[in-house]
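Below: one structure, written as structure tokens.
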Amino acid sequence: MDNANCFFISIPEQDIKKEKEKARELRKSRWWQQKLSAGRCYYCQGRFARSELTMDHVVPIARGGKSVKNNLVTACKECNSKKKYLLPMEWREYLNGVLIKPLAEELKETD
Ligand SMILES: [Zn+2]
């Protein structure tokens, strides 16, 4: 059955290594440190401590995403692991649910 392979773009292992290396370098950059200090998860917009935020590729390296600034975001651990295991469609549904809640909570706080 070759059909299953249609869902995956095969990225040469060397390229994956290169992108991961670039991501490691960017983690040390001022740009990334500032993003961590902002303390926001890009996906659920929740506020988190620096130690709770991870670097996430919006388009995963395995799907052809690059380690460039506009493809890298801060994500909380929960969002990061959910994104890994959900199908793109399920992930969108998760975001729809999660985005409404923090906004409502924030409105309450400022009240
Ligand atoms: Zn999140």
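Labels for the structure tokens follow display order: chains A, B, ..., residues from 1 in each chain, ligands from 1.
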At most 8 Å from ligand 1 (only C-alpha atoms and all ligand atoms): residue list as a compact mmCIF listing (two decimals) with C-alpha atoms, in the first residue's frame:
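The resulting file, pocket.txt, is reproduced below:
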# COMPACT_ATOMS: atom_id res chain seq x y z
CA ARG A 40 2.68 34.28 25.84
CA CYS A 41 1.69 31.08 24.13
CA TYR A 42 1.17 31.87 20.45
CA TYR A 43 -1.67 29.35 20.18
CA CYS A 44 -3.84 29.68 23.27
CA GLN A 45 -2.65 33.22 24.13
CA GLY A 46 -2.22 32.13 27.74
CA ALA A 75 4.06 27.61 22.71
CA CYS A 76 3.08 26.29 26.13
CA LYS A 77 3.83 22.65 26.74
CA GLU A 78 0.20 21.66 26.45
CA CYS A 79 -0.30 23.28 23.06
CA ASN A 80 3.03 21.99 21.83
I'd like to know which residues of chain A are strand (DSSP E or B) (by DSSP, run on the backbone); could you write them as a ChimeraX atom specification? /A:40,47,53-57,72-76
File of the preceding selection, C-alpha atoms, as an mmCIF file, in the first residue's frame:
data_model
loop_
_atom_site.group_PDB
_atom_site.id
_atom_site.type_symbol
_atom_site.label_atom_id
_atom_site.label_comp_id
_atom_site.auth_asym_id
_atom_site.auth_seq_id
_atom_site.Cartn_x
_atom_site.Cartn_y
_atom_site.Cartn_z
ATOM 1 C CA ARG A 40 2.681 34.280 25.842
ATOM 2 C CA ARG A 47 0.441 33.648 29.967
ATOM 3 C CA LEU A 53 7.308 27.896 27.068
ATOM 4 C CA THR A 54 8.833 25.877 24.281
ATOM 5 C CA MET A 55 9.916 26.717 20.768
ATOM 6 C CA ASP A 56 7.505 25.491 18.164
ATOM 7 C CA HIS A 57 7.731 25.395 14.387
ATOM 8 C CA LEU A 72 9.001 29.976 15.111
ATOM 9 C CA VAL A 73 6.650 30.767 17.960
ATOM 10 C CA THR A 74 6.487 30.331 21.713
ATOM 11 C CA ALA A 75 4.059 27.607 22.712
ATOM 12 C CA CYS A 76 3.076 26.294 26.127
#
Using only C-alpha atoms, which of the listed residues (A:Asn96, A:Ser67, A:Gln33, A:Ser10) sits closest to Ser51 of chain A?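 Counting only C-alpha atoms, the residue closest to Ser51 of chain A is A:Gln33.
Proximity to Arg50 of chain A at 7 Å, evaluated using only C-alpha atoms and with sequence-adjacent residues fewer than 3 positions away removed, yields Leu36, Ser37, Gly39 and Leu53 of chain A.
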Shell around Ala23 of chain A at 8 Å using only C-alpha atoms, local window under 4 positions removed, as an MDAnalysis selection string: chainID A and resid 19 27 67:68
Segment 31-105 of chain A: which residues are alpha helix (DSSP H) by DSSP, as a VMD selection string? chain A and resid 31 to 38 77 to 85 88 to 105
Using C-alpha atoms, can you write the selected residues to a file as a PDB file, in the first residue's frame?
ATOM      1  CA  TRP A  31      15.022  37.875  19.595  1.00  0.00           C
ATOM      2  CA  TRP A  32      14.015  34.568  21.173  1.00  0.00           C
ATOM      3  CA  GLN A  33      14.815  35.718  24.707  1.00  0.00           C
ATOM      4  CA  GLN A  34      12.463  38.650  24.175  1.00  0.00           C
ATOM      5  CA  LYS A  35       9.743  36.330  22.972  1.00  0.00           C
ATOM      6  CA  LEU A  36      10.179  34.207  26.095  1.00  0.00           C
ATOM      7  CA  SER A  37      10.033  37.284  28.290  1.00  0.00           C
ATOM      8  CA  ALA A  38       6.749  38.268  26.710  1.00  0.00           C
ATOM      9  CA  LYS A  77       3.826  22.654  26.738  1.00  0.00           C
ATOM     10  CA  GLU A  78       0.204  21.659  26.453  1.00  0.00           C
ATOM     11  CA  CYS A  79      -0.296  23.279  23.062  1.00  0.00           C
ATOM     12  CA  ASN A  80       3.029  21.989  21.828  1.00  0.00           C
ATOM     13  CA  SER A  81       2.268  18.371  22.621  1.00  0.00           C
ATOM     14  CA  LYS A  82      -1.311  18.638  21.368  1.00  0.00           C
ATOM     15  CA  LYS A  83      -0.105  20.056  18.069  1.00  0.00           C
ATOM     16  CA  LYS A  84       2.264  17.143  17.633  1.00  0.00           C
ATOM     17  CA  TYR A  85      -0.335  14.467  18.026  1.00  0.00           C
ATOM     18  CA  PRO A  88      -4.293  19.496  11.355  1.00  0.00           C
ATOM     19  CA  MET A  89      -8.086  19.513  11.364  1.00  0.00           C
ATOM     20  CA  GLU A  90      -8.361  18.404  14.982  1.00  0.00           C
ATOM     21  CA  TRP A  91      -5.729  20.947  15.930  1.00  0.00           C
ATOM     22  CA  ARG A  92      -7.794  23.756  14.390  1.00  0.00           C
ATOM     23  CA  GLU A  93     -10.804  22.617  16.391  1.00  0.00           C
ATOM     24  CA  TYR A  94      -8.722  22.613  19.554  1.00  0.00           C
ATOM     25  CA  LEU A  95      -7.584  26.180  18.859  1.00  0.00           C
ATOM     26  CA  ASN A  96     -11.123  27.347  18.250  1.00  0.00           C
ATOM     27  CA  GLY A  97     -12.084  26.079  21.679  1.00  0.00           C
ATOM     28  CA  VAL A  98      -9.023  27.257  23.537  1.00  0.00           C
ATOM     29  CA  LEU A  99      -8.874  30.769  22.092  1.00  0.00           C
ATOM     30  CA  ILE A 100     -12.250  31.825  23.384  1.00  0.00           C
ATOM     31  CA  LYS A 101     -11.585  30.906  27.014  1.00  0.00           C
ATOM     32  CA  PRO A 102      -8.409  32.888  27.805  1.00  0.00           C
ATOM     33  CA  LEU A 103      -9.877  36.021  26.240  1.00  0.00           C
ATOM     34  CA  ALA A 104     -12.935  35.759  28.433  1.00  0.00           C
ATOM     35  CA  GLU A 105     -10.758  35.240  31.502  1.00  0.00           C
TER      36      GLU A 105
END
Two-atom distance - atom CA of Lys20 of chain A, atom CA of Ala62 of chain A (Å):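 One can read the atom CA of Lys20 of chain A to atom CA of Ala62 of chain A distance as 10.5 Å.
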Quote the spacing between atom CA of Ser29 of chain A and atom CA of Ile11 of chain A in Å to one decimal place.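 We find that atom CA of Ser29 of chain A and atom CA of Ile11 of chain A lie 26.1 Å from each other.
Between atom CA of Glu13 of chain A and atom CA of Asn70 of chain A lies a distance of 22.5 Å.
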